[in-house]
file my_file-v7.csv (CSV, C-alpha atoms)
chain,number,residue,atom,x,y,z
F,748,MET,CA,0.0,0.0,0.0
F,749,THR,CA,1.5,3.4,-1.1
F,750,LEU,CA,1.0,6.7,0.7
F,751,ILE,CA,-1.4,7.9,-2.0
F,752,ASP,CA,-3.6,4.9,-1.3
F,753,LEU,CA,-4.3,6.2,2.2
F,754,ALA,CA,-6.2,9.1,0.5
F,755,ASN,CA,-9.0,6.5,0.1
F,756,PRO,CA,-11.0,6.4,3.3
F,757,THR,CA,-11.9,2.7,2.9
F,758,LYS,CA,-8.2,1.7,2.5
F,759,PHE,CA,-7.3,3.9,5.4
F,760,LEU,CA,-10.0,2.1,7.5
F,761,SER,CA,-8.5,-1.3,6.6
F,762,LEU,CA,-5.0,-0.1,7.5
F,763,THR,CA,-6.2,1.2,10.9
F,764,ALA,CA,-8.0,-2.1,11.6
F,765,ARG,CA,-4.7,-3.9,11.1
F,766,VAL,CA,-2.4,-1.4,12.9
F,767,LEU,CA,-4.4,-0.3,15.9
F,768,PRO,CA,-4.1,-3.5,18.0
F,769,TRP,CA,-0.3,-3.4,17.6
F,770,LEU,CA,-0.1,0.3,18.4
F,771,ALA,CA,-2.3,-0.1,21.4
F,772,GLY,CA,-0.2,-3.0,22.7
F,773,ALA,CA,3.1,-1.1,22.2
F,774,THR,CA,1.6,2.0,23.9
F,775,ALA,CA,0.5,0.0,26.9
F,776,ILE,CA,3.9,-1.7,27.3
F,777,LEU,CA,5.9,1.5,26.9
F,778,LEU,CA,3.7,3.4,29.4
F,779,LEU,CA,3.9,0.5,31.9
F,780,ILE,CA,7.7,0.6,31.6
F,781,GLY,CA,7.7,4.4,31.9
F,782,PHE,CA,5.5,4.5,35.0
F,783,TYR,CA,7.7,1.8,36.6
F,784,GLN,CA,10.8,3.8,35.8
F,785,ALA,CA,9.2,7.0,37.1
F,786,ALA,CA,8.3,5.3,40.3
F,787,MET,CA,11.8,4.0,40.8
F,788,ALA,CA,13.5,7.3,39.8
F,789,PRO,CA,15.6,8.8,42.6
F,790,ASP,CA,14.4,12.0,44.4
F,791,ASP,CA,15.7,15.3,43.2
F,792,TYR,CA,18.2,16.9,45.6
F,793,GLN,CA,16.1,20.1,45.7
F,794,GLN,CA,12.5,19.0,44.8
F,795,GLY,CA,12.5,15.6,46.5
F,796,ALA,CA,9.9,13.2,45.2
F,797,THR,CA,7.8,16.1,43.7
F,798,ALA,CA,10.1,15.9,40.6
F,799,LYS,CA,8.2,12.7,39.7
F,800,ILE,CA,5.4,15.0,38.4
F,801,MET,CA,7.8,15.9,35.6
F,802,PHE,CA,7.3,12.4,34.1
F,803,VAL,CA,3.7,13.1,33.3
F,804,HIS,CA,3.8,16.9,33.0
F,805,VAL,CA,6.5,17.2,30.4
F,806,PRO,CA,5.2,14.6,27.9
F,807,ASN,CA,1.7,16.2,28.1
F,808,ALA,CA,3.1,19.7,27.6
F,809,TRP,CA,5.2,18.5,24.6
F,810,LEU,CA,2.1,16.7,23.1
F,811,ALA,CA,-0.1,19.8,23.7
F,812,MET,CA,2.1,21.6,21.2
F,813,PHE,CA,2.9,18.6,18.9
F,814,VAL,CA,-0.8,17.9,18.3
F,815,TRP,CA,-1.4,21.5,17.3
F,816,GLY,CA,1.6,21.1,14.9
F,817,VAL,CA,0.0,18.0,13.4
F,818,MET,CA,-3.3,19.9,13.1
F,819,SER,CA,-1.4,22.7,11.3
F,820,ILE,CA,0.0,20.3,8.7
F,821,ALA,CA,-3.5,18.8,8.3
F,822,ALA,CA,-4.8,22.4,7.9
F,823,LEU,CA,-2.3,22.9,5.0
F,824,GLY,CA,-3.6,19.6,3.6
F,825,THR,CA,-7.1,20.9,3.7
F,826,LEU,CA,-6.4,24.4,2.3
F,827,VAL,CA,-3.6,23.7,-0.2
F,828,TRP,CA,-3.7,20.1,-1.3
F,829,ARG,CA,-7.4,19.4,-0.5
F,830,HIS,CA,-6.5,15.9,0.8
F,831,PRO,CA,-9.7,14.0,1.6
F,832,LEU,CA,-8.3,12.8,5.0
F,833,ALA,CA,-6.7,16.1,6.1
F,834,ASP,CA,-9.8,17.6,7.7
F,835,VAL,CA,-10.7,14.2,9.2
F,836,ALA,CA,-7.2,14.2,10.8
F,837,ALA,CA,-7.5,17.8,12.0
F,838,LYS,CA,-11.0,17.3,13.5
F,839,ALA,CA,-10.0,14.0,15.2
F,840,ALA,CA,-6.9,15.5,16.8
F,841,VAL,CA,-8.7,18.5,18.5
F,842,PRO,CA,-10.2,16.8,21.6
F,843,ILE,CA,-7.1,14.7,22.1
F,844,GLY,CA,-4.9,17.8,22.0
F,845,ALA,CA,-7.2,19.6,24.3
F,846,ALA,CA,-7.0,16.7,26.8
F,847,PHE,CA,-3.2,16.8,26.7
F,848,THR,CA,-3.1,20.6,27.2
F,849,PHE,CA,-5.6,20.3,30.1
F,850,LEU,CA,-3.3,17.7,31.7
F,851,ALA,CA,-0.2,19.8,31.1
F,852,LEU,CA,-2.0,22.7,32.9
F,853,VAL,CA,-3.3,20.7,35.8
F,854,THR,CA,-0.1,18.7,36.5
F,855,GLY,CA,2.0,21.9,36.1
F,856,SER,CA,-0.3,23.6,38.6
F,857,LEU,CA,0.0,20.7,41.0
F,858,TRP,CA,3.8,20.7,40.6
F,859,GLY,CA,3.9,24.5,41.1
F,860,ARG,CA,2.0,24.7,44.4
F,861,PRO,CA,4.6,22.8,46.5
F,862,MET,CA,7.6,24.2,44.5
F,863,TRP,CA,6.7,27.8,43.9
F,864,GLY,CA,4.1,28.3,46.6
F,865,THR,CA,1.3,29.0,44.1
F,866,TYR,CA,-1.0,26.9,41.8
F,867,TRP,CA,-1.0,29.7,39.1
F,868,GLU,CA,1.0,32.7,38.0
F,869,TRP,CA,0.2,34.8,35.0
F,870,ASP,CA,3.7,34.4,33.5
F,871,ALA,CA,4.4,34.0,29.8
F,872,ARG,CA,4.7,30.2,29.7
F,873,MET,CA,1.6,29.4,31.7
F,874,THR,CA,-0.5,32.1,30.0
F,875,SER,CA,0.5,31.1,26.5
F,876,VAL,CA,-0.4,27.4,27.3
F,877,LEU,CA,-3.7,28.5,28.7
F,878,ILE,CA,-4.4,30.4,25.4
F,879,LEU,CA,-3.5,27.2,23.6
F,880,PHE,CA,-6.1,25.3,25.6
F,881,LEU,CA,-8.7,28.0,24.9
F,882,MET,CA,-7.9,27.8,21.2
F,883,TYR,CA,-8.5,24.0,21.3
F,884,LEU,CA,-11.9,24.6,23.0
F,885,GLY,CA,-12.6,27.3,20.3
F,886,LEU,CA,-11.8,24.8,17.5
F,887,MET,CA,-14.1,22.2,19.1
F,888,ALA,CA,-16.9,24.7,19.3
F,889,LEU,CA,-16.3,25.7,15.6
F,890,TRP,CA,-16.4,22.1,14.4
F,891,ARG,CA,-19.8,21.7,16.2
F,892,ALA,CA,-21.2,25.0,15.1
F,893,VAL,CA,-21.0,24.4,11.3
F,894,ASP,CA,-23.1,21.5,9.9
F,895,ASP,CA,-21.3,21.0,6.6
F,896,PRO,CA,-18.0,19.3,7.3
F,897,SER,CA,-16.1,20.8,4.3
F,898,ARG,CA,-17.1,24.4,5.3
F,899,ALA,CA,-16.2,23.7,8.9
F,900,ALA,CA,-12.9,22.2,7.8
F,901,ARG,CA,-11.8,25.4,5.9
F,902,ALA,CA,-12.7,27.7,8.8
F,903,ALA,CA,-11.0,25.4,11.3
F,904,ALA,CA,-7.9,25.2,9.1
F,905,VAL,CA,-7.6,29.0,9.0
F,906,LEU,CA,-8.0,29.2,12.8
F,907,THR,CA,-5.5,26.4,13.3
F,908,LEU,CA,-2.8,28.1,11.1
F,909,VAL,CA,-3.4,31.4,12.9
F,910,GLY,CA,-3.1,29.6,16.2
F,911,ALA,CA,0.2,28.0,15.2
F,912,ILE,CA,1.8,31.4,15.9
F,913,ASN,CA,1.4,30.6,19.6
F,914,LEU,CA,3.7,27.5,19.3
F,915,PRO,CA,7.0,29.4,19.1
F,916,ILE,CA,5.7,31.8,21.7
F,917,ILE,CA,5.1,28.9,24.1
F,918,LYS,CA,8.5,27.3,23.3
F,919,PHE,CA,10.6,30.5,23.7
F,920,SER,CA,8.4,32.3,26.3
F,921,VAL,CA,10.9,31.2,29.0
F,922,ASP,CA,13.8,32.8,27.1
F,923,TRP,CA,12.1,35.9,25.9
F,924,TRP,CA,10.5,36.9,29.2
F,925,ASN,CA,11.4,36.6,32.9
F,926,THR,CA,9.1,33.7,33.9
F,927,LEU,CA,8.5,31.7,37.1
F,928,HIS,CA,8.5,28.6,34.9
F,929,GLN,CA,12.0,27.1,34.5
F,930,PRO,CA,13.7,27.3,31.1
F,931,ALA,CA,14.0,24.2,28.8
F,932,ALA,CA,16.0,21.3,30.4
F,933,VAL,CA,15.9,18.7,27.6
F,934,LEU,CA,15.7,20.3,24.2
F,935,ARG,CA,18.1,23.2,24.5
F,936,MET,CA,21.4,24.5,23.1
F,937,GLY,CA,24.4,22.8,24.7
F,938,GLY,CA,22.5,19.5,25.4
F,939,THR,CA,20.2,18.4,28.2
F,940,SER,CA,20.8,19.5,31.8
F,941,LEU,CA,18.9,16.4,33.2
F,942,ASP,CA,20.8,13.4,34.7
F,943,LYS,CA,20.3,10.0,33.0
F,944,ALA,CA,18.3,8.8,36.0
F,945,PHE,CA,15.6,11.4,35.1
F,946,LEU,CA,16.2,11.7,31.4
F,947,ILE,CA,15.6,8.0,30.5
F,948,PRO,CA,12.2,7.6,32.3
F,949,LEU,CA,11.2,11.0,30.8
F,950,LEU,CA,12.0,9.9,27.3
F,951,VAL,CA,10.3,6.5,27.7
F,952,MET,CA,7.2,8.3,29.0
F,953,ALA,CA,7.4,10.9,26.1
F,954,VAL,CA,7.6,8.1,23.5
F,955,GLY,CA,4.8,6.2,25.3
F,956,PHE,CA,2.5,9.2,25.4
F,957,SER,CA,3.3,10.0,21.7
F,958,LEU,CA,2.3,6.4,20.8
F,959,LEU,CA,-0.8,6.9,22.8
F,960,PHE,CA,-1.6,10.0,20.8
F,961,VAL,CA,-1.0,8.1,17.5
F,962,THR,CA,-3.2,5.3,18.6
F,963,LEU,CA,-6.1,7.5,19.8
F,964,HIS,CA,-5.8,9.8,16.8
F,965,LEU,CA,-6.0,6.9,14.3
F,966,ALA,CA,-9.0,5.5,16.2
F,967,ALA,CA,-10.7,8.9,16.3
F,968,MET,CA,-10.1,9.3,12.6
F,969,ARG,CA,-11.7,6.0,11.9
F,970,ASN,CA,-14.7,7.2,14.0
F,971,GLU,CA,-14.9,10.4,12.0
F,972,ILE,CA,-14.8,8.6,8.7
F,973,LEU,CA,-17.7,6.3,9.9
F,974,ARG,CA,-19.6,9.4,11.1
F,975,ARG,CA,-19.3,11.0,7.6
F,976,ARG,CA,-20.5,7.7,6.1
F,977,VAL,CA,-23.5,7.8,8.5
F,978,ARG,CA,-24.2,11.4,7.4
F,979,SER,CA,-24.0,10.7,3.7
F,980,LEU,CA,-26.3,7.6,4.1
F,981,GLN,CA,-28.8,9.6,6.1
F,982,MET,CA,-28.8,12.3,3.3
F,983,MET,CA,-29.4,9.5,0.7
F,984,GLN,CA,-32.2,8.1,2.9
F,985,ALA,CA,-33.8,11.6,3.2
F,986,SER,CA,-33.6,12.2,-0.6
F,987,GLN,CA,-35.0,8.7,-1.3
F,988,GLN,CA,-37.9,9.5,1.1
F,989,ALA,CA,-38.5,12.9,-0.5
F,990,ALA,CA,-38.6,11.4,-4.0
Q,842,MET,CA,8.8,4.3,47.5
Q,843,ALA,CA,8.3,7.2,49.9
Q,844,LEU,CA,6.7,10.3,48.3
Q,845,GLY,CA,7.6,12.7,51.0
Q,846,PRO,CA,5.6,15.7,52.3
Q,847,HIS,CA,4.0,16.5,49.0
Q,848,ALA,CA,2.7,13.0,48.2
Q,849,SER,CA,-0.9,14.3,47.7
Q,850,PHE,CA,0.3,16.5,44.8
Q,851,ILE,CA,2.2,13.7,43.1
Q,852,VAL,CA,-0.7,11.1,43.6
Q,853,THR,CA,-3.3,13.7,42.4
Q,854,SER,CA,-1.2,14.4,39.2
Q,855,TYR,CA,-0.8,10.8,38.3
Q,856,ALA,CA,-4.5,10.0,39.1
Q,857,THR,CA,-5.7,12.9,37.0
Q,858,VAL,CA,-3.6,11.8,34.0
Q,859,ALA,CA,-4.9,8.2,34.4
Q,860,ALA,CA,-8.5,9.4,34.7
Q,861,VAL,CA,-8.3,11.7,31.6
Q,862,VAL,CA,-6.6,9.0,29.5
Q,863,VAL,CA,-9.2,6.4,30.5
Q,864,LEU,CA,-12.0,8.9,29.7
Q,865,LEU,CA,-10.4,9.6,26.3
Q,866,ILE,CA,-10.1,5.8,25.5
Q,867,ALA,CA,-13.7,5.2,26.7
Q,868,TRP,CA,-15.1,8.1,24.7
Q,869,ILE,CA,-13.4,6.9,21.5
Q,870,ALA,CA,-14.5,3.3,22.0
Q,871,ILE,CA,-18.1,4.4,22.7
Q,872,ASP,CA,-18.2,6.7,19.7
Q,873,TYR,CA,-16.9,3.8,17.5
Q,874,ARG,CA,-19.7,1.5,18.7
Q,875,ARG,CA,-22.3,4.3,18.2
Q,876,GLN,CA,-21.3,4.9,14.6
Q,877,LYS,CA,-21.2,1.2,13.8
Q,878,GLU,CA,-24.7,0.9,15.4
Q,879,ARG,CA,-26.0,3.8,13.3
Q,880,LEU,CA,-24.6,2.2,10.1
Q,881,ARG,CA,-26.2,-1.1,11.0
Q,882,GLU,CA,-29.6,0.6,11.5
Q,883,LEU,CA,-29.3,2.5,8.2
Q,884,GLU,CA,-28.3,-0.8,6.4
Q,885,ALA,CA,-31.3,-2.5,8.0
Q,886,SER,CA,-33.6,0.2,6.7
Q,887,GLY,CA,-32.4,-0.5,3.1
Q,888,VAL,CA,-30.0,2.4,2.5
Q,889,THR,CA,-26.9,1.2,0.6
Q,890,ARG,CA,-23.6,2.9,-0.3
Q,891,ARG,CA,-23.1,4.0,-3.9
Q,892,SER,CA,-20.3,1.4,-4.2
Q,893,GLY,CA,-22.7,-1.3,-3.3
Q,894,ARG,CA,-20.6,-2.4,-0.3
Q,895,GLN,CA,-22.1,-2.9,3.1
Q,896,ALA,CA,-22.3,0.3,5.2
Q,897,THR,CA,-20.4,-1.4,8.1
Q,898,ASP,CA,-17.6,-2.8,5.8
Q,899,ILE,CA,-14.2,-1.6,6.8

call {"tool": "encode", "arguments": {"input": "my_file-v7.csv", "output": "structure tokens"}}
result
Amino acid sequence: MTLIDLANPTKFLSLTARVLPWLAGATAILLLIGFYQAAMAPDDYQQGATAKIMFVHVPNAWLAMFVWGVMSIAALGTLVWRHPLADVAAKAAVPIGAAFTFLALVTGSLWGRPMWGTYWEWDARMTSVLILFLMYLGLMALWRAVDDPSRAARAAAVLTLVGAINLPIIKFSVDWWNTLHQPAAVLRMGGTSLDKAFLIPLLVMAVGFSLLFVTLHLAAMRNEILRRRVRSLQMMQASQQAA
Amino acid sequence: MALGPHASFIVTSYATVAAVVVLLIAWIAIDYRRQKERLRELEASGVTRRSGRQATDI
């Protein structure tokens, strides 16, 4: 099966039926290993055991931005290439991205309270991630507000590409402004500042959560294709009844 | 594994992540069943796809 074959929803559905069980299995195994390694990771010399929150906070924060990046590529697919699965991919990713962003905000807040003495501070990093979450909710509302999927797709694609401006702002907010949030520790110039004892479980969790996203996204895309099939059959039924 | 004085924050973080992930999986699984059920109902009512394939075919 070539990449172009995946433009056919029926072929895409048959691919997901074959791939999803393997992806789900690999995700479960990686996350189990990641959670075990996170539990066994040593305490941080300053933060103590509270540093364990990093193993769930950071992957969710990365995915919050990554999912918007995936949606931005899908938005280009909708507007430029008019790929039949592009808006299916974009729509299916929105609630999953919103969930990851919500988790990044909640776990960050729960990490911040014992370490900073506050659940929330209106600093650049936290505020820009909150804006990302609100944009996810806005996109969900937009998809629900417009009945015709192709019209909704074009409006959502424009909003997604405009919202992509927020991604570099989130990434570099800790460098551009004086924030309570710490600067990047893994992806930074000069290499990571994390010790292997923390870095390895963090990377395992990051790959595990990324696989979780791929699995959930493919499953949600399959659902969206079926939903559109239902819609077109309902329209055929209505036109048959009217004739 | 001792979680120290801030154990409640750590446990709440992991529990929230687990709960949201389980909810996401459940929502997607329920949605899949719902769409398949609707397709079965439409097929039973005599509506067929233009390709002639069954509505529930994957």

call {"tool": "residues_near_point", "arguments": {"input": "my_file-v7.csv", "point": "(-18.6, 9.0, 10.0)", "cutoff": "10 Å", "atoms": "all atoms listed in the file", "output": "MDAnalysis selection string"}}
result
(chainID F and resid 835 968:980) or (chainID Q and resid 872:873 876:877 879:880)

call {"tool": "atom_distance", "arguments": {"input": "my_file-v7.csv", "atom1": "atom CA of Gln981 of chain F", "atom2": "atom CA of Arg874 of chain Q"}}
result
17.5 Å

call {"tool": "closest_atom_pairs", "arguments": {"input": "my_file-v7.csv", "of": "chain Q", "to": "chain F", "cutoff": "9 Å", "atoms": "all atoms listed in the file", "output": "CSV"}}
result
residue,atom,partner,partner_atom,distance
Q:Met842,CA,F:Ala786,CA,7.3
Q:Ala843,CA,F:Ala796,CA,7.8
Q:Leu844,CA,F:Ala796,CA,5.3
Q:Gly845,CA,F:Ala796,CA,6.3
Q:Pro846,CA,F:Ala796,CA,8.7
Q:His847,CA,F:Thr797,CA,6.5
Q:Ala848,CA,F:Thr797,CA,7.5
Q:Phe850,CA,F:Leu857,CA,5.7
Q:Ile851,CA,F:Ile800,CA,5.8
Q:Val852,CA,F:Ile800,CA,8.9
Q:Thr853,CA,F:Leu857,CA,7.9
Q:Ser854,CA,F:Thr854,CA,5.2
Q:Tyr855,CA,F:Val803,CA,7.1
Q:Thr857,CA,F:Leu850,CA,7.5
Q:Val858,CA,F:Leu850,CA,6.3
Q:Val861,CA,F:Ala846,CA,7.1
Q:Val862,CA,F:Ala846,CA,8.2
Q:Leu865,CA,F:Ile843,CA,7.4
Q:Ile866,CA,F:Leu963,CA,7.2
Q:Ile869,CA,F:Ala967,CA,6.2
Q:Ala870,CA,F:Ala966,CA,8.3
Q:Asp872,CA,F:Asn970,CA,6.7
Q:Tyr873,CA,F:Asn970,CA,5.4
Q:Arg874,CA,F:Asn970,CA,8.9
Q:Gln876,CA,F:Arg974,CA,5.9
Q:Lys877,CA,F:Leu973,CA,7.3
Q:Arg879,CA,F:Val977,CA,6.7
Q:Leu880,CA,F:Val977,CA,5.9
Q:Leu883,CA,F:Leu980,CA,7.2
Q:Glu884,CA,F:Leu980,CA,8.9
Q:Ser886,CA,F:Gln984,CA,8.9
Q:Gly887,CA,F:Gln984,CA,8.6
Q:Val888,CA,F:Gln984,CA,6.1
Q:Thr889,CA,F:Leu980,CA,7.3
Q:Arg890,CA,F:Leu980,CA,7.0
Q:Ala896,CA,F:Arg976,CA,7.7
Q:Thr897,CA,F:Leu973,CA,8.4
Q:Asp898,CA,F:Thr757,CA,8.4
Q:Ile899,CA,F:Leu760,CA,5.6

call {"tool": "closest_residue", "arguments": {"input": "my_file-v7.csv", "among": "F:Val766, F:Met818, F:Ala811, F:His928", "to": "Tyr866 of chain F", "atoms": "only C-alpha atoms"}}
result
F:His928

call {"tool": "atom_distance", "arguments": {"input": "my_file-v7.csv", "atom1": "atom CA of Tyr883 of chain F", "atom2": "atom CA of Gly772 of chain F"}}
result
28.3 Å

call {"tool": "atom_distance", "arguments": {"input": "my_file-v7.csv", "atom1": "atom CA of Arg829 of chain F", "atom2": "atom CA of Ala904 of chain F"}}
result
11.2 Å

call {"tool": "closest_residue", "arguments": {"input": "my_file-v7.csv", "among": "F:Ala900, F:Leu946, F:Val905, F:Val933", "to": "His830 of chain F", "atoms": "only C-alpha atoms"}}
result
F:Ala900

call {"tool": "residues_around", "arguments": {"input": "my_file-v7.csv", "residues": "segment 908-921 of chain F", "least_positions_apart": "2", "cutoff": "6 Å", "atoms": "all atoms listed in the file", "output": "compact mmCIF listing (two decimals) with C-alpha atoms, in the frame of the given file"}}
result
# COMPACT_ATOMS: atom_id res chain seq x y z
CA SER F 819 -1.40 22.70 11.30
CA ALA F 871 4.40 34.00 29.80
CA ARG F 872 4.70 30.20 29.70
CA SER F 875 0.50 31.10 26.50
CA VAL F 905 -7.60 29.00 9.00
CA LEU F 906 -8.00 29.20 12.80
CA TRP F 923 12.10 35.90 25.90
CA TRP F 924 10.50 36.90 29.20
CA THR F 926 9.10 33.70 33.90
CA PRO F 930 13.70 27.30 31.10

call {"tool": "build_atoms", "arguments": {"input": "my_file-v7.csv", "residues": "segment 868-888 of chain Q", "atoms": "N, CA and C atoms", "output": "PDB file, in the coordinates of the input"}}
result
ATOM      1  N   TRP Q 868     -14.322   7.282  25.594  1.00  0.00           N
ATOM      2  CA  TRP Q 868     -15.100   8.100  24.700  1.00  0.00           C
ATOM      3  C   TRP Q 868     -14.929   7.667  23.241  1.00  0.00           C
ATOM      4  N   ILE Q 869     -13.685   7.373  22.855  1.00  0.00           N
ATOM      5  CA  ILE Q 869     -13.400   6.900  21.500  1.00  0.00           C
ATOM      6  C   ILE Q 869     -14.042   5.568  21.209  1.00  0.00           C
ATOM      7  N   ALA Q 870     -13.949   4.668  22.187  1.00  0.00           N
ATOM      8  CA  ALA Q 870     -14.500   3.300  22.000  1.00  0.00           C
ATOM      9  C   ALA Q 870     -16.054   3.397  21.915  1.00  0.00           C
ATOM     10  N   ILE Q 871     -16.682   4.230  22.756  1.00  0.00           N
ATOM     11  CA  ILE Q 871     -18.100   4.400  22.700  1.00  0.00           C
ATOM     12  C   ILE Q 871     -18.598   5.003  21.416  1.00  0.00           C
ATOM     13  N   ASP Q 872     -17.837   6.007  20.977  1.00  0.00           N
ATOM     14  CA  ASP Q 872     -18.200   6.700  19.700  1.00  0.00           C
ATOM     15  C   ASP Q 872     -18.107   5.693  18.557  1.00  0.00           C
ATOM     16  N   TYR Q 873     -17.102   4.807  18.558  1.00  0.00           N
ATOM     17  CA  TYR Q 873     -16.900   3.800  17.500  1.00  0.00           C
ATOM     18  C   TYR Q 873     -18.176   2.882  17.466  1.00  0.00           C
ATOM     19  N   ARG Q 874     -18.553   2.399  18.650  1.00  0.00           N
ATOM     20  CA  ARG Q 874     -19.700   1.500  18.700  1.00  0.00           C
ATOM     21  C   ARG Q 874     -20.991   2.229  18.227  1.00  0.00           C
ATOM     22  N   ARG Q 875     -21.112   3.503  18.613  1.00  0.00           N
ATOM     23  CA  ARG Q 875     -22.300   4.300  18.200  1.00  0.00           C
ATOM     24  C   ARG Q 875     -22.385   4.436  16.709  1.00  0.00           C
ATOM     25  N   GLN Q 876     -21.246   4.749  16.080  1.00  0.00           N
ATOM     26  CA  GLN Q 876     -21.300   4.900  14.600  1.00  0.00           C
ATOM     27  C   GLN Q 876     -21.563   3.612  13.906  1.00  0.00           C
ATOM     28  N   LYS Q 877     -20.976   2.510  14.411  1.00  0.00           N
ATOM     29  CA  LYS Q 877     -21.200   1.200  13.800  1.00  0.00           C
ATOM     30  C   LYS Q 877     -22.716   0.825  13.940  1.00  0.00           C
ATOM     31  N   GLU Q 878     -23.289   1.159  15.103  1.00  0.00           N
ATOM     32  CA  GLU Q 878     -24.700   0.900  15.400  1.00  0.00           C
ATOM     33  C   GLU Q 878     -25.593   1.652  14.391  1.00  0.00           C
ATOM     34  N   ARG Q 879     -25.260   2.949  14.208  1.00  0.00           N
ATOM     35  CA  ARG Q 879     -26.000   3.800  13.300  1.00  0.00           C
ATOM     36  C   ARG Q 879     -25.952   3.224  11.858  1.00  0.00           C
ATOM     37  N   LEU Q 880     -24.743   2.783  11.467  1.00  0.00           N
ATOM     38  CA  LEU Q 880     -24.600   2.200  10.100  1.00  0.00           C
ATOM     39  C   LEU Q 880     -25.392   0.941   9.964  1.00  0.00           C
ATOM     40  N   ARG Q 881     -25.400   0.115  10.999  1.00  0.00           N
ATOM     41  CA  ARG Q 881     -26.200  -1.100  11.000  1.00  0.00           C
ATOM     42  C   ARG Q 881     -27.683  -0.790  10.796  1.00  0.00           C
ATOM     43  N   GLU Q 882     -28.149   0.230  11.547  1.00  0.00           N
ATOM     44  CA  GLU Q 882     -29.600   0.600  11.500  1.00  0.00           C
ATOM     45  C   GLU Q 882     -29.914   1.130  10.067  1.00  0.00           C
ATOM     46  N   LEU Q 883     -29.013   1.940   9.502  1.00  0.00           N
ATOM     47  CA  LEU Q 883     -29.300   2.500   8.200  1.00  0.00           C
ATOM     48  C   LEU Q 883     -29.293   1.335   7.131  1.00  0.00           C
ATOM     49  N   GLU Q 884     -28.371   0.390   7.290  1.00  0.00           N
ATOM     50  CA  GLU Q 884     -28.300  -0.800   6.400  1.00  0.00           C
ATOM     51  C   GLU Q 884     -29.597  -1.581   6.489  1.00  0.00           C
ATOM     52  N   ALA Q 885     -30.045  -1.749   7.741  1.00  0.00           N
ATOM     53  CA  ALA Q 885     -31.300  -2.500   8.000  1.00  0.00           C
ATOM     54  C   ALA Q 885     -32.490  -1.849   7.352  1.00  0.00           C
ATOM     55  N   SER Q 886     -32.427  -0.512   7.273  1.00  0.00           N
ATOM     56  CA  SER Q 886     -33.600   0.200   6.700  1.00  0.00           C
ATOM     57  C   SER Q 886     -33.524   0.242   5.165  1.00  0.00           C
ATOM     58  N   GLY Q 887     -32.503  -0.380   4.584  1.00  0.00           N
ATOM     59  CA  GLY Q 887     -32.400  -0.500   3.100  1.00  0.00           C
ATOM     60  C   GLY Q 887     -31.583   0.476   2.401  1.00  0.00           C
ATOM     61  N   VAL Q 888     -30.917   1.384   3.141  1.00  0.00           N
ATOM     62  CA  VAL Q 888     -30.000   2.400   2.500  1.00  0.00           C
ATOM     63  C   VAL Q 888     -28.708   1.691   2.188  1.00  0.00           C
TER      64      VAL Q 888
END
